Amino acid sequence: MIPFLIASAVGIAYLGSQILRAPEYVVCSDKIPEPFDGFRILQISDLHNRFFGKRNENLCGFVRAHRPDLVAITGDIISRDKPDFDAAFSLAEGICPHTDCFFIPGNHEQRLRPSQARTLEDGLRERGVRILHNQNVRIYRGDRFIHLYGMEIPLRYYQFPRTRETEAAYLIKKRVDELVGPCPRGEFTVLLTHNPLYFPAYAGWGADLTLAGHVHGGVMRLPKGKGLFSPERSLFPKYSGGVYRHGESLMAVSRGLGESFLGTRIFNPPEVVSIILQRPER
């Protein structure tokens, strides 16, 4: 019985890692301009070289079927130990002709050699992806707009351990200001970042909506939606997947698409996150 149970568990884990899901979250704010009521953002994170179908046809079809107004790729589209860009390029080829697509580097992209990073970014740009290195753009509908910021936080903020008492090790609002500039208060602002750990700093900076990834859903999902591990090998990460609130600010954390540092996903299917912007009813 024991070998049978082990084989069954492995089979369930494997099948669960192949089935794409798209949790949908509605973000409601009176700061959202009227033309953006119903605007759909699809977030892709932590692909890590993975293919869903030949040349990612299944993943691209899944994304297109949701008819996004904008696709945000929040880092780790590749793996630094296997810098093969085919999965990333095939994804871009399949979605960029159909919608605006933005990318921010994660910690794996930051650890590439300079020549590798240039190859990746040049290839993404050639395929229509806009890359944000601590930059911001306005997304327009007619003459109304929302702000989209892409933040690339220094690698030291991924290291473990950290303490809130040490500014050099823990990202605070002041450092967010230094990286991307002041937040345009009073106008709806979306912040793309890779590491969700510093949500209080993102909220304090002024982000209405933060999109992050990095934690892979905690590798294994436990009862009540808790994740087990973080990439820093810490247990029970605070932000592992789903939507979180800090004051008036929201953060959506993607569980990602690729496999974790342990090489598996358990009760933790890969996902593309769907965000619907909505104005409050009057």
# chains A, B, ... in the order shown; residues from 1 in each chain; ligands from 1

$ select_by_dssp --residues "stretch 4-232 of chain A" --states "helix (DSSP H, G or I)" --output "ChimeraX atom specification"
/A:4-16,34-36,54-65,86-95,107-110,114-126,155-158,173-180,196-205,216-218,223-225

$ residues_around --residues "stretch 206-216 of chain A" --least-positions-apart "2" --cutoff "7 Å" --atoms "only C-alpha atoms" --output "VMD selection string"
chain A and resid 45 to 46 74 183 185 188 to 196 202 to 204 218 to 219 230 to 231 240 249 to 256 260

$ select_by_dssp --residues "stretch 62-174 of chain A" --states "strand (DSSP E or B)" --output "ChimeraX atom specification"
/A:70-73,79,82,100-103,130-131,135-141,144-150

$ residues_around --residues "stretch 109-117 of chain A" --least-positions-apart "5" --cutoff "7 Å" --atoms "only C-alpha atoms" --output "count of residues only"
3

$ atom_distance --atom1 "atom CA of A:Pro35" --atom2 "atom CA of A:Val129"
23.8 Å

$ closest_residue --among "A:Asp143, A:Glu178, A:Glu259, A:Glu152" --to "A:Gly106" --atoms "only C-alpha atoms"
A:Glu152

$ closest_residue --among "A:Tyr198, A:Asn107, A:Pro97, A:His48" --to "A:Lys82" --atoms "only C-alpha atoms"
A:His48

$ residues_around --residues "A:Val137" --least-positions-apart "4" --cutoff "10 Å" --atoms "only C-alpha atoms" --output "PyMOL selection string"
chain A and resi 132+145-150

$ write_last_selection --atoms "N, CA, C and O atoms" --output "mmCIF file, in the first residue's frame"
data_model
loop_
_atom_site.group_PDB
_atom_site.id
_atom_site.type_symbol
_atom_site.label_atom_id
_atom_site.label_comp_id
_atom_site.auth_asym_id
_atom_site.auth_seq_id
_atom_site.Cartn_x
_atom_site.Cartn_y
_atom_site.Cartn_z
ATOM 1 N N LEU A 132 10.412 47.718 -17.863
ATOM 2 C CA LEU A 132 10.444 48.840 -16.926
ATOM 3 C C LEU A 132 11.530 48.600 -15.881
ATOM 4 O O LEU A 132 11.402 47.714 -15.033
ATOM 5 N N PHE A 145 -6.065 58.323 -17.922
ATOM 6 C CA PHE A 145 -4.952 57.390 -17.756
ATOM 7 C C PHE A 145 -4.854 56.879 -16.325
ATOM 8 O O PHE A 145 -5.417 57.455 -15.388
ATOM 9 N N ILE A 146 -4.122 55.769 -16.188
ATOM 10 C CA ILE A 146 -3.659 55.280 -14.901
ATOM 11 C C ILE A 146 -2.141 55.180 -14.983
ATOM 12 O O ILE A 146 -1.557 55.171 -16.078
ATOM 13 N N HIS A 147 -1.503 55.110 -13.836
ATOM 14 C CA HIS A 147 -0.041 55.007 -13.786
ATOM 15 C C HIS A 147 0.381 53.556 -13.603
ATOM 16 O O HIS A 147 -0.208 52.815 -12.813
ATOM 17 N N LEU A 148 1.440 53.160 -14.330
ATOM 18 C CA LEU A 148 2.034 51.836 -14.182
ATOM 19 C C LEU A 148 3.517 52.027 -13.878
ATOM 20 O O LEU A 148 4.259 52.577 -14.690
ATOM 21 N N TYR A 149 3.936 51.580 -12.695
ATOM 22 C CA TYR A 149 5.331 51.671 -12.263
ATOM 23 C C TYR A 149 5.940 50.266 -12.237
ATOM 24 O O TYR A 149 5.287 49.311 -11.789
ATOM 25 N N GLY A 150 7.180 50.159 -12.683
ATOM 26 C CA GLY A 150 7.911 48.904 -12.593
ATOM 27 C C GLY A 150 9.134 49.089 -11.725
ATOM 28 O O GLY A 150 10.002 49.904 -12.047
#

$ residues_around --residues "stretch 60-72 of chain A" --least-positions-apart "4" --cutoff "8 Å" --atoms "only C-alpha atoms" --output "PDB file with N, CA, C and O atoms, in the first residue's frame"
ATOM      1  N   PHE A  39     -11.467  47.379 -16.961  1.00  0.00           N
ATOM      2  CA  PHE A  39     -10.134  47.149 -17.529  1.00  0.00           C
ATOM      3  C   PHE A  39      -9.536  45.892 -16.893  1.00  0.00           C
ATOM      4  O   PHE A  39      -9.522  45.733 -15.673  1.00  0.00           O
ATOM      5  N   ARG A  40      -9.034  44.980 -17.740  1.00  0.00           N
ATOM      6  CA  ARG A  40      -8.501  43.700 -17.239  1.00  0.00           C
ATOM      7  C   ARG A  40      -6.977  43.648 -17.375  1.00  0.00           C
ATOM      8  O   ARG A  40      -6.435  43.819 -18.470  1.00  0.00           O
ATOM      9  N   ILE A  41      -6.318  43.412 -16.250  1.00  0.00           N
ATOM     10  CA  ILE A  41      -4.874  43.181 -16.227  1.00  0.00           C
ATOM     11  C   ILE A  41      -4.641  41.702 -15.964  1.00  0.00           C
ATOM     12  O   ILE A  41      -5.176  41.141 -15.010  1.00  0.00           O
ATOM     13  N   LEU A  42      -3.839  41.058 -16.817  1.00  0.00           N
ATOM     14  CA  LEU A  42      -3.453  39.674 -16.584  1.00  0.00           C
ATOM     15  C   LEU A  42      -1.994  39.659 -16.135  1.00  0.00           C
ATOM     16  O   LEU A  42      -1.131  40.212 -16.818  1.00  0.00           O
ATOM     17  N   GLN A  43      -1.756  39.047 -14.995  1.00  0.00           N
ATOM     18  CA  GLN A  43      -0.406  38.986 -14.437  1.00  0.00           C
ATOM     19  C   GLN A  43       0.204  37.605 -14.641  1.00  0.00           C
ATOM     20  O   GLN A  43      -0.389  36.589 -14.293  1.00  0.00           O
ATOM     21  N   ILE A  44       1.410  37.602 -15.205  1.00  0.00           N
ATOM     22  CA  ILE A  44       2.193  36.378 -15.386  1.00  0.00           C
ATOM     23  C   ILE A  44       3.454  36.515 -14.548  1.00  0.00           C
ATOM     24  O   ILE A  44       4.117  37.552 -14.571  1.00  0.00           O
ATOM     25  N   ASN A  56       4.839  27.089 -26.021  1.00  0.00           N
ATOM     26  CA  ASN A  56       3.919  27.723 -25.061  1.00  0.00           C
ATOM     27  C   ASN A  56       2.567  28.058 -25.675  1.00  0.00           C
ATOM     28  O   ASN A  56       1.896  29.016 -25.246  1.00  0.00           O
ATOM     29  N   LEU A  91       6.495  32.895 -25.383  1.00  0.00           N
ATOM     30  CA  LEU A  91       5.384  33.535 -24.677  1.00  0.00           C
ATOM     31  C   LEU A  91       5.141  34.935 -25.231  1.00  0.00           C
ATOM     32  O   LEU A  91       4.000  35.312 -25.527  1.00  0.00           O
ATOM     33  N   GLY A  94       3.479  34.971 -28.570  1.00  0.00           N
ATOM     34  CA  GLY A  94       2.089  34.545 -28.567  1.00  0.00           C
ATOM     35  C   GLY A  94       1.111  35.543 -27.992  1.00  0.00           C
ATOM     36  O   GLY A  94      -0.094  35.460 -28.258  1.00  0.00           O
ATOM     37  N   ILE A  95       1.616  36.519 -27.197  1.00  0.00           N
ATOM     38  CA  ILE A  95       0.675  37.456 -26.559  1.00  0.00           C
ATOM     39  C   ILE A  95       0.858  38.905 -26.986  1.00  0.00           C
ATOM     40  O   ILE A  95      -0.126  39.658 -27.019  1.00  0.00           O
ATOM     41  N   HIS A  98      -1.364  40.867 -29.475  1.00  0.00           N
ATOM     42  CA  HIS A  98      -2.773  40.983 -29.117  1.00  0.00           C
ATOM     43  C   HIS A  98      -3.055  41.985 -28.001  1.00  0.00           C
ATOM     44  O   HIS A  98      -4.202  42.365 -27.806  1.00  0.00           O
ATOM     45  N   THR A  99      -2.022  42.391 -27.263  1.00  0.00           N
ATOM     46  CA  THR A  99      -2.251  43.303 -26.144  1.00  0.00           C
ATOM     47  C   THR A  99      -0.940  43.944 -25.727  1.00  0.00           C
ATOM     48  O   THR A  99       0.143  43.475 -26.102  1.00  0.00           O
ATOM     49  N   ASP A 100      -1.014  45.032 -24.956  1.00  0.00           N
ATOM     50  CA  ASP A 100       0.183  45.649 -24.398  1.00  0.00           C
ATOM     51  C   ASP A 100       0.784  44.720 -23.342  1.00  0.00           C
ATOM     52  O   ASP A 100       0.071  44.142 -22.522  1.00  0.00           O
ATOM     53  N   CYS A 101       2.101  44.602 -23.368  1.00  0.00           N
ATOM     54  CA  CYS A 101       2.786  43.680 -22.467  1.00  0.00           C
ATOM     55  C   CYS A 101       3.984  44.380 -21.826  1.00  0.00           C
ATOM     56  O   CYS A 101       4.810  44.974 -22.524  1.00  0.00           O
ATOM     57  N   PHE A 102       4.068  44.300 -20.480  1.00  0.00           N
ATOM     58  CA  PHE A 102       5.138  44.939 -19.723  1.00  0.00           C
ATOM     59  C   PHE A 102       5.849  43.891 -18.868  1.00  0.00           C
ATOM     60  O   PHE A 102       5.238  42.927 -18.408  1.00  0.00           O
ATOM     61  N   PHE A 103       7.153  44.130 -18.659  1.00  0.00           N
ATOM     62  CA  PHE A 103       7.981  43.178 -17.919  1.00  0.00           C
ATOM     63  C   PHE A 103       8.881  43.921 -16.949  1.00  0.00           C
ATOM     64  O   PHE A 103       9.429  44.979 -17.273  1.00  0.00           O
ATOM     65  N   LEU A 192       4.360  47.330 -10.208  1.00  0.00           N
ATOM     66  CA  LEU A 192       4.849  45.988 -10.491  1.00  0.00           C
ATOM     67  C   LEU A 192       6.165  45.792  -9.757  1.00  0.00           C
ATOM     68  O   LEU A 192       7.089  46.592  -9.896  1.00  0.00           O
ATOM     69  N   VAL A 272      -2.317  32.126 -13.753  1.00  0.00           N
ATOM     70  CA  VAL A 272      -2.241  33.473 -14.326  1.00  0.00           C
ATOM     71  C   VAL A 272      -3.302  34.281 -13.591  1.00  0.00           C
ATOM     72  O   VAL A 272      -4.460  33.884 -13.541  1.00  0.00           O
TER      73      VAL A 272
END

$ closest_residue --among "A:Leu179, A:Ile172, A:Leu277, A:Ile266" --to "A:Gly217" --atoms "only C-alpha atoms"
A:Ile266
